[in-house]
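The file my_file.csv contains CSV, C-alpha atoms:
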chain,number,residue,atom,x,y,z
A,59,MET,CA,142.8,-47.9,20.1
A,60,TYR,CA,142.3,-45.1,22.6
A,61,ARG,CA,145.6,-43.5,21.6
A,62,PHE,CA,144.7,-43.8,17.9
A,63,LEU,CA,141.3,-42.1,18.5
A,64,TYR,CA,142.9,-39.4,20.7
A,65,ASP,CA,145.6,-38.5,18.3
A,66,ASN,CA,143.3,-38.3,15.3
A,67,LEU,CA,140.7,-36.3,17.0
A,68,GLU,CA,143.3,-33.9,18.4
A,69,HIS,CA,144.7,-33.5,14.9
A,70,PHE,CA,141.2,-33.0,13.6
A,71,SER,CA,140.5,-30.3,16.2
A,72,GLN,CA,143.7,-28.5,15.4
A,73,TRP,CA,142.9,-28.6,11.7
A,74,LEU,CA,139.3,-27.4,12.3
A,75,LYS,CA,140.8,-24.2,13.6
A,76,THR,CA,142.1,-23.4,10.2
A,77,THR,CA,138.9,-24.0,8.3
A,78,GLY,CA,135.9,-21.9,7.2
A,79,PRO,CA,133.4,-23.0,9.8
A,80,HIS,CA,135.8,-21.9,12.6
A,81,TYR,CA,136.2,-18.4,11.1
A,82,PHE,CA,132.5,-18.2,10.4
A,83,VAL,CA,131.7,-18.8,14.1
A,84,VAL,CA,134.5,-16.6,15.6
A,85,HIS,CA,133.9,-13.7,13.2
A,86,ASN,CA,130.1,-13.5,13.6
A,87,ALA,CA,129.1,-12.8,17.2
A,88,TRP,CA,125.5,-13.9,16.5
A,89,VAL,CA,126.4,-17.5,15.4
A,90,VAL,CA,127.0,-18.9,18.9
A,91,PRO,CA,123.8,-17.6,20.5
A,92,ALA,CA,121.9,-18.6,17.4
A,93,CYS,CA,123.4,-22.2,17.5
A,94,GLN,CA,122.8,-22.5,21.2
A,95,THR,CA,119.1,-21.4,20.8
A,96,LEU,CA,118.6,-23.9,17.9
A,97,HIS,CA,120.4,-26.6,20.0
A,98,PHE,CA,117.6,-26.1,22.6
A,99,PHE,CA,114.9,-26.3,19.9
A,100,GLY,CA,116.5,-29.6,18.8
A,101,LEU,CA,116.7,-30.8,22.4
A,102,ALA,CA,113.0,-30.2,23.0
A,103,MET,CA,112.0,-31.9,19.7
A,104,LEU,CA,114.3,-34.9,20.2
A,105,PHE,CA,113.5,-35.3,23.9
A,106,GLY,CA,109.8,-34.8,23.3
A,107,MET,CA,109.7,-37.6,20.7
A,108,VAL,CA,112.0,-39.9,22.7
A,109,GLY,CA,109.8,-39.2,25.8
A,110,LEU,CA,106.5,-39.9,24.0
A,111,LEU,CA,107.7,-43.3,22.7
A,112,ASP,CA,109.6,-44.4,25.8
A,113,LEU,CA,107.0,-43.2,28.4
A,114,ARG,CA,104.3,-45.1,26.5
A,115,MET,CA,106.4,-48.2,26.4
A,116,LEU,CA,106.9,-47.8,30.2
A,117,GLY,CA,103.2,-47.7,30.7
A,118,VAL,CA,102.2,-43.9,30.6
A,119,ALA,CA,99.1,-43.2,28.5
A,120,ARG,CA,98.5,-46.9,28.0
A,121,SER,CA,95.4,-46.3,25.9
A,122,LEU,CA,97.7,-45.1,23.1
A,123,PRO,CA,98.6,-47.8,20.5
A,124,ILE,CA,102.4,-47.9,20.2
A,125,GLY,CA,102.5,-48.6,16.4
A,126,PRO,CA,101.6,-45.1,15.2
A,127,ILE,CA,103.9,-43.5,17.8
A,128,ASN,CA,106.7,-45.7,16.6
A,129,ARG,CA,106.2,-44.5,13.1
A,130,VAL,CA,106.0,-40.7,13.9
A,131,ALA,CA,108.4,-40.3,16.8
A,132,PRO,CA,111.6,-41.5,15.0
A,133,PRO,CA,111.5,-39.1,12.0
A,134,TRP,CA,110.6,-36.0,14.1
A,135,GLY,CA,113.1,-37.0,16.8
A,136,PHE,CA,115.7,-37.6,14.1
A,137,ALA,CA,115.0,-34.1,12.7
A,138,GLY,CA,115.9,-32.7,16.2
A,139,PHE,CA,119.0,-34.8,16.3
A,140,ILE,CA,120.2,-33.6,12.9
A,141,LEU,CA,119.6,-30.0,13.9
A,142,ASN,CA,121.7,-30.6,17.1
A,143,THR,CA,124.4,-32.3,15.1
A,144,ILE,CA,124.8,-29.3,12.8
A,145,THR,CA,124.5,-26.6,15.6
A,146,GLY,CA,126.7,-28.8,17.8
A,147,PHE,CA,129.4,-29.1,15.1
A,148,LEU,CA,129.4,-25.3,14.6
A,149,LEU,CA,129.8,-24.7,18.4
A,150,TYR,CA,132.6,-27.2,18.4
A,151,ALA,CA,134.2,-25.6,15.4
A,152,GLY,CA,134.2,-22.2,17.2
A,153,ASP,CA,136.6,-23.5,19.9
A,154,PRO,CA,137.7,-27.1,18.9
A,155,VAL,CA,140.7,-27.6,21.1
A,156,GLN,CA,138.8,-26.4,24.2
A,157,TYR,CA,136.0,-28.9,23.5
A,158,PHE,CA,138.5,-31.7,22.7
A,159,HIS,CA,140.1,-31.4,26.1
A,160,ASN,CA,136.8,-31.1,28.0
A,161,VAL,CA,136.0,-34.2,30.1
A,162,ALA,CA,132.2,-33.4,30.1
A,163,PHE,CA,132.2,-33.2,26.3
A,164,ARG,CA,133.8,-36.7,26.0
A,165,TRP,CA,131.1,-38.1,28.4
A,166,LYS,CA,128.4,-36.3,26.4
A,167,MET,CA,129.6,-37.9,23.1
A,168,LEU,CA,129.9,-41.3,24.8
A,169,PHE,CA,126.3,-41.0,26.1
A,170,VAL,CA,125.1,-40.0,22.5
A,171,LEU,CA,127.0,-43.1,21.2
A,172,LEU,CA,125.4,-45.3,23.8
A,173,ALA,CA,121.9,-43.9,23.0
A,174,GLY,CA,122.6,-44.9,19.4
A,175,LEU,CA,123.6,-48.4,20.4
A,176,ASN,CA,120.5,-48.6,22.5
A,177,LEU,CA,118.4,-47.6,19.5
A,178,SER,CA,120.2,-50.3,17.5
A,179,ALA,CA,119.3,-52.8,20.1
A,180,PHE,CA,115.7,-51.7,19.9
A,181,LEU,CA,115.7,-52.4,16.2
A,182,LEU,CA,118.0,-55.5,16.1
A,183,THR,CA,116.2,-57.4,18.9
A,184,GLY,CA,113.0,-57.1,17.0
A,185,MET,CA,111.5,-55.0,19.8
A,186,SER,CA,110.7,-52.2,17.4
A,187,LYS,CA,108.6,-54.6,15.2
A,188,LYS,CA,107.1,-56.2,18.3
A,189,VAL,CA,105.8,-53.0,19.9
A,190,ASP,CA,104.2,-52.0,16.5
A,191,THR,CA,101.5,-54.6,17.2
A,192,ILE,CA,100.8,-53.4,20.8
A,193,GLY,CA,97.4,-51.8,20.9
A,194,PRO,CA,95.5,-49.6,23.3
A,195,GLY,CA,95.7,-50.8,26.9
A,196,GLU,CA,98.4,-53.4,26.2
A,197,ASP,CA,101.8,-53.7,27.9
A,198,ALA,CA,105.1,-53.5,26.1
A,199,PRO,CA,107.5,-56.5,26.6
A,200,VAL,CA,109.9,-56.3,29.5
A,201,LEU,CA,112.9,-56.0,27.1
A,202,ALA,CA,111.2,-53.0,25.4
A,203,LYS,CA,110.6,-51.4,28.8
A,204,PHE,CA,114.3,-51.9,29.7
A,205,ILE,CA,115.4,-50.3,26.4
A,206,ALA,CA,112.9,-47.4,27.0
A,207,ALA,CA,114.3,-46.7,30.5
A,208,THR,CA,117.8,-46.9,29.3
A,209,SER,CA,117.0,-44.4,26.5
A,210,LEU,CA,115.5,-41.9,28.9
A,211,PHE,CA,118.5,-42.3,31.3
A,212,LEU,CA,121.0,-41.8,28.4
A,213,TRP,CA,119.3,-38.7,26.9
A,214,ILE,CA,118.9,-37.1,30.3
A,215,GLY,CA,122.6,-37.9,30.8
A,216,VAL,CA,123.4,-36.2,27.5
A,217,MET,CA,121.6,-33.1,28.8
A,218,TYR,CA,123.6,-33.4,32.1
A,219,TRP,CA,127.0,-33.5,30.3
A,220,GLY,CA,126.0,-30.7,28.0
A,221,ARG,CA,125.2,-28.5,30.9
A,222,MET,CA,128.4,-29.5,32.7
A,223,LEU,CA,130.6,-28.4,29.8
A,224,PRO,CA,131.6,-25.1,31.6
A,225,PHE,CA,131.7,-26.7,35.1
A,226,ILE,CA,133.4,-30.1,35.0
A,227,GLY,CA,137.0,-30.6,33.7
A,228,SER,CA,138.5,-27.7,31.8
A,229,ALA,CA,136.3,-24.7,32.3
A,230,PHE,CA,135.5,-22.5,29.3
B,1212,MET,CA,116.7,-2.4,43.7
B,1213,PRO,CA,117.3,-2.7,47.4
B,1214,PHE,CA,115.1,-5.7,47.4
B,1215,LEU,CA,117.0,-7.3,44.6
B,1216,ARG,CA,120.3,-6.6,46.3
B,1217,TRP,CA,118.9,-8.2,49.5
B,1218,LEU,CA,117.7,-11.2,47.5
B,1219,GLU,CA,121.0,-11.6,45.8
B,1220,ALA,CA,122.9,-11.3,49.1
B,1221,LEU,CA,120.9,-14.0,50.9
B,1222,PRO,CA,123.1,-17.0,52.0
B,1223,LEU,CA,121.3,-19.3,49.7
B,1224,SER,CA,121.7,-17.0,46.7
B,1225,THR,CA,125.4,-16.5,47.5
B,1226,TRP,CA,126.0,-20.2,47.9
B,1227,ILE,CA,124.3,-21.0,44.5
B,1228,ARG,CA,126.3,-18.3,42.8
B,1229,GLU,CA,129.7,-18.5,44.5
B,1230,GLY,CA,129.8,-21.7,46.5
B,1231,GLY,CA,131.7,-23.5,43.8
B,1232,SER,CA,129.7,-26.7,44.5
B,1233,ILE,CA,128.5,-28.9,41.7
B,1234,TRP,CA,125.2,-29.1,43.6
B,1235,GLY,CA,124.7,-25.3,43.4
B,1236,TYR,CA,124.5,-23.4,40.1
B,1237,PRO,CA,125.5,-26.3,37.8
B,1238,THR,CA,122.9,-28.8,39.1
B,1239,ILE,CA,120.1,-26.3,39.3
B,1240,LEU,CA,120.8,-25.3,35.6
B,1241,PHE,CA,120.8,-29.0,34.7
B,1242,LEU,CA,117.4,-29.5,36.4
B,1243,HIS,CA,116.1,-26.4,34.5
B,1244,THR,CA,117.1,-28.2,31.2
B,1245,VAL,CA,115.4,-31.5,32.2
B,1246,GLY,CA,112.2,-29.6,33.1
B,1247,LEU,CA,112.4,-27.9,29.7
B,1248,GLY,CA,112.7,-31.3,28.1
B,1249,PHE,CA,109.6,-32.7,29.7
B,1250,LEU,CA,107.4,-29.7,29.6
B,1251,THR,CA,108.1,-28.3,26.1
B,1252,GLY,CA,109.0,-31.7,24.6
B,1253,LEU,CA,105.7,-33.4,25.5
B,1254,SER,CA,103.8,-30.1,24.7
B,1255,ILE,CA,105.4,-30.1,21.3
B,1256,ALA,CA,104.4,-33.8,20.7
B,1257,MET,CA,100.9,-33.0,21.8
B,1258,ALA,CA,100.7,-29.9,19.6
B,1259,LEU,CA,101.9,-31.8,16.6
B,1260,ARG,CA,99.2,-34.5,17.1
B,1261,ILE,CA,96.5,-31.8,17.4
B,1262,LEU,CA,97.8,-30.2,14.2
B,1263,GLY,CA,97.3,-33.5,12.4
B,1264,VAL,CA,100.6,-35.4,12.6
B,1265,ALA,CA,100.1,-39.1,13.3
B,1266,SER,CA,96.3,-38.7,13.1
B,1267,ARG,CA,95.8,-42.4,13.7
B,1268,LEU,CA,96.7,-41.8,17.3
B,1269,PRO,CA,93.7,-41.2,19.5
B,1270,LEU,CA,93.8,-37.7,21.1
B,1271,THR,CA,92.2,-38.5,24.5
B,1272,PRO,CA,95.2,-40.4,26.0
B,1273,PHE,CA,97.5,-37.4,25.5
B,1274,ALA,CA,95.8,-35.9,28.6
B,1275,LYS,CA,97.8,-38.5,30.5
B,1276,PHE,CA,101.0,-36.6,29.8
B,1277,TYR,CA,99.7,-33.5,31.7
B,1278,PRO,CA,101.0,-34.6,35.1
B,1279,LEU,CA,104.5,-35.1,33.7
B,1280,MET,CA,104.3,-31.7,31.9
B,1281,TRP,CA,103.3,-30.1,35.2
B,1282,ILE,CA,106.2,-31.8,37.0
B,1283,GLY,CA,108.5,-30.3,34.4
B,1284,PHE,CA,106.8,-26.9,34.9
B,1285,TRP,CA,107.3,-27.0,38.7
B,1286,VAL,CA,110.9,-28.2,38.5
B,1287,ASN,CA,111.5,-25.2,36.2
B,1288,ALA,CA,109.5,-22.8,38.4
B,1289,ILE,CA,111.6,-23.7,41.4
B,1290,SER,CA,115.0,-24.0,39.7
B,1291,GLY,CA,114.2,-20.8,37.8
B,1292,ILE,CA,113.4,-18.9,41.1
B,1293,LEU,CA,116.7,-20.2,42.5
B,1294,LEU,CA,118.7,-19.1,39.4
B,1295,LEU,CA,116.9,-15.7,39.5
B,1296,MET,CA,117.7,-15.2,43.2
B,1297,ALA,CA,121.4,-16.0,42.6
B,1298,ASP,CA,121.6,-13.2,40.0
B,1299,ALA,CA,118.6,-11.0,41.0
B,1300,THR,CA,120.2,-7.6,40.4
B,1301,THR,CA,120.9,-8.4,36.7
B,1302,LYS,CA,118.3,-10.9,35.6
B,1303,ALA,CA,115.3,-9.3,37.3
B,1304,ILE,CA,116.0,-6.0,35.5
B,1305,ASN,CA,116.6,-7.6,32.1
B,1306,PRO,CA,113.6,-7.0,29.8
B,1307,VAL,CA,114.4,-10.3,28.0
B,1308,PHE,CA,113.6,-12.2,31.2
B,1309,TYR,CA,110.1,-10.8,31.2
B,1310,ILE,CA,109.6,-11.7,27.6
B,1311,LYS,CA,110.6,-15.3,28.5
B,1312,ILE,CA,108.1,-15.3,31.4
B,1313,GLY,CA,105.4,-13.8,29.2
B,1314,PHE,CA,105.8,-16.5,26.5
B,1315,THR,CA,105.9,-19.3,29.2
B,1316,LEU,CA,102.8,-17.9,30.9
B,1317,VAL,CA,100.8,-17.8,27.6
B,1318,ALA,CA,101.9,-21.3,26.7
B,1319,CYS,CA,100.9,-22.7,30.1
B,1320,LEU,CA,97.5,-20.9,30.1
B,1321,VAL,CA,96.8,-22.3,26.6
B,1322,LEU,CA,97.8,-25.8,27.9
B,1323,ILE,CA,95.4,-25.4,30.9
B,1324,PHE,CA,92.6,-24.2,28.5
B,1325,LEU,CA,93.1,-27.2,26.2
B,1326,ARG,CA,93.1,-29.6,29.2
B,1327,ARG,CA,89.8,-28.1,30.5
B,1328,ARG,CA,87.9,-27.4,27.3
B,1329,PHE,CA,89.4,-29.8,24.7
B,1330,PHE,CA,90.7,-32.9,26.4
B,1331,SER,CA,87.7,-33.1,28.8
B,1332,ASP,CA,85.3,-33.9,25.9
B,1333,PRO,CA,84.5,-37.6,26.0
B,1334,MET,CA,83.6,-37.5,22.3
B,1335,LEU,CA,87.0,-35.9,21.4
B,1336,ASP,CA,88.1,-38.7,19.1
B,1337,LYS,CA,84.8,-38.8,17.2
B,1338,LYS,CA,85.0,-35.2,16.0
B,1339,LEU,CA,87.2,-33.2,13.7
B,1340,VAL,CA,89.7,-30.9,15.5
B,1341,SER,CA,88.4,-27.3,15.2
B,1342,GLY,CA,90.5,-24.6,13.7
B,1343,LYS,CA,90.5,-22.7,17.0
B,1344,VAL,CA,92.1,-25.7,18.8
B,1345,LYS,CA,94.6,-26.1,16.1
B,1346,ALA,CA,95.4,-22.4,16.4
B,1347,MET,CA,96.0,-22.9,20.1
B,1348,ALA,CA,98.3,-25.8,19.5
B,1349,ALA,CA,100.3,-23.6,17.0
B,1350,ILE,CA,100.4,-20.8,19.7
B,1351,THR,CA,102.0,-23.2,22.2
B,1352,LEU,CA,104.7,-24.1,19.6
B,1353,MET,CA,105.4,-20.4,18.9
B,1354,CYS,CA,105.4,-19.5,22.6
B,1355,TRP,CA,108.0,-22.3,23.4
B,1356,ALA,CA,110.2,-21.2,20.6
B,1357,GLY,CA,109.9,-17.6,22.0
B,1358,ALA,CA,110.5,-18.7,25.6
B,1359,ILE,CA,113.6,-20.8,24.7
B,1360,THR,CA,115.0,-18.0,22.5
B,1361,ALA,CA,114.5,-15.4,25.2
B,1362,GLY,CA,115.9,-17.7,27.8
B,1363,ARG,CA,119.1,-18.2,25.8
B,1364,LEU,CA,119.4,-14.6,24.9
B,1365,MET,CA,119.4,-13.6,28.6
B,1366,ALA,CA,123.0,-14.6,28.6
B,1367,TYR,CA,123.8,-12.1,25.8
B,1368,ILE,CA,121.3,-9.1,25.9
B,1369,GLY,CA,120.6,-6.6,28.6
B,1370,PRO,CA,122.3,-6.8,32.0
B,1371,VAL,CA,124.0,-10.2,31.8
B,1372,ALA,CA,124.8,-12.3,34.9
B,1373,GLY,CA,127.6,-14.7,35.0
B,1374,LEU,CA,129.7,-16.8,37.3
B,1375,PRO,CA,133.1,-15.2,38.1
B,1376,ASP,CA,136.0,-16.8,36.1
B,1377,ILE,CA,133.7,-18.1,33.4
B,1378,THR,CA,134.0,-16.1,30.3
B,1379,ASN,CA,131.7,-18.2,28.1
B,1380,HIS,CA,128.0,-17.6,28.1
B,1381,LEU,CA,126.2,-20.2,30.1
In structure tokens, how does this file's structure come out?
Amino acid sequence: MYRFLYDNLEHFSQWLKTTGPHYFVVHNAWVVPACQTLHFFGLAMLFGMVGLLDLRMLGVARSLPIGPINRVAPPWGFAGFILNTITGFLLYAGDPVQYFHNVAFRWKMLFVLLAGLNLSAFLLTGMSKKVDTIGPGEDAPVLAKFIAATSLFLWIGVMYWGRMLPFIGSAF
Amino acid sequence: MPFLRWLEALPLSTWIREGGSIWGYPTILFLHTVGLGFLTGLSIAMALRILGVASRLPLTPFAKFYPLMWIGFWVNAISGILLLMADATTKAINPVFYIKIGFTLVACLVLIFLRRRFFSDPMLDKKLVSGKVKAMAAITLMCWAGAITAGRLMAYIGPVAGLPDITNHL
């Protein structure tokens, strides 16, 4: 399984070096700084929305009903996530093999994946529906709080591994 | 310049820059990112609500996010000062740095103004949000975009600092 993933992703990274996105990034000096800047915009948007919903579930600003937050935070947060997927892909395309061999990058992707699974758990355990009914001053269920704390930990972890890209493992 | 050279040569600055420890430059940079996440992230959420997104949410409780935003601010003020000390001779003479500080200062002053004049009103949720307040919310959004952009461009424009041996822009 690991071998399969490793070989295929390595081939993909090698192949990416022969494609348009790679040449676009390496031949236009402004693309990397622009992508990095937009990546931070997306970070602020995604983390702001994740923070708003998770912090309320953990008991901050209890007088906010959770339902309306749970309807507005996901689409805006998702917009930030999409922006970061696009800009992140372009940054990867600029130097695919380097990223592929970077340990911090693998951790970062693992944490993003875990955050996705955590979100699935939020939906599949019915917690998302349950918190919709939680009004001003009411507490979220313990399981929802656990999912919220996990989410904050994982997204802060994503920032950590992102920042560690040049420092841990193979340096840029 | 002698002052900046002195600042950059301090043992603490030298350790942050050249110590090679994960707890030096890398961790401080990470904390600067987490602080950004809390301060600008929650500020963006608040501004969007003031501008009319999710208008079914009451506005008053958003004041409760201020302490977390200020924690984010202080984490970034302290980590920012440490990063500035480590590269004082380049960063402190880079105009882009002062643009970043300018945007950050305006955004924080507007946040303080909103806290004192807008969120302090007990009848807040019984009234329509004025155009002036909406304009201020829009200003915070633009200032954060400006501050983030300037912060990122400090690695590319003007006198650029950088760790030895790292060719990529941090």
Residue hits in chain B, query chain A, radius 9 Å, all atoms listed in the file, as a ChimeraX atom specification: /B:1233,1237-1238,1240-1242,1244-1245,1247-1256,1264-1276,1355-1356,1359-1364,1366-1367,1376-1381
Across B:His1243, B:Arg1260, B:Arg1327, B:Arg1228, the smallest distance to Ala1349 in chain B, with all atoms listed in the file counted, is shown by B:Arg1260
### Task
Using all atoms listed in the file, determine which residues lie at most 12 Å from Leu116 in chain A, disregarding the query and same-chain residues fewer than 5 positions distant; provide the list as a ChimeraX atom specification.
/A:109-111,122,124,189,196-210
- Have a look at CA of Cys93 in chain A and CA of Leu149 in chain A and let me know their distance in Å, one decimal.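 CA of Cys93 in chain A sits 6.9 Å away from CA of Leu149 in chain A.
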- Task: For CA of Ser178 in chain A and CA of Pro154 in chain A, determine how far apart the two atoms are, in Å to one decimal place.
- Result: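 Separating CA of Ser178 in chain A from CA of Pro154 in chain A is a distance of 29.1 Å.
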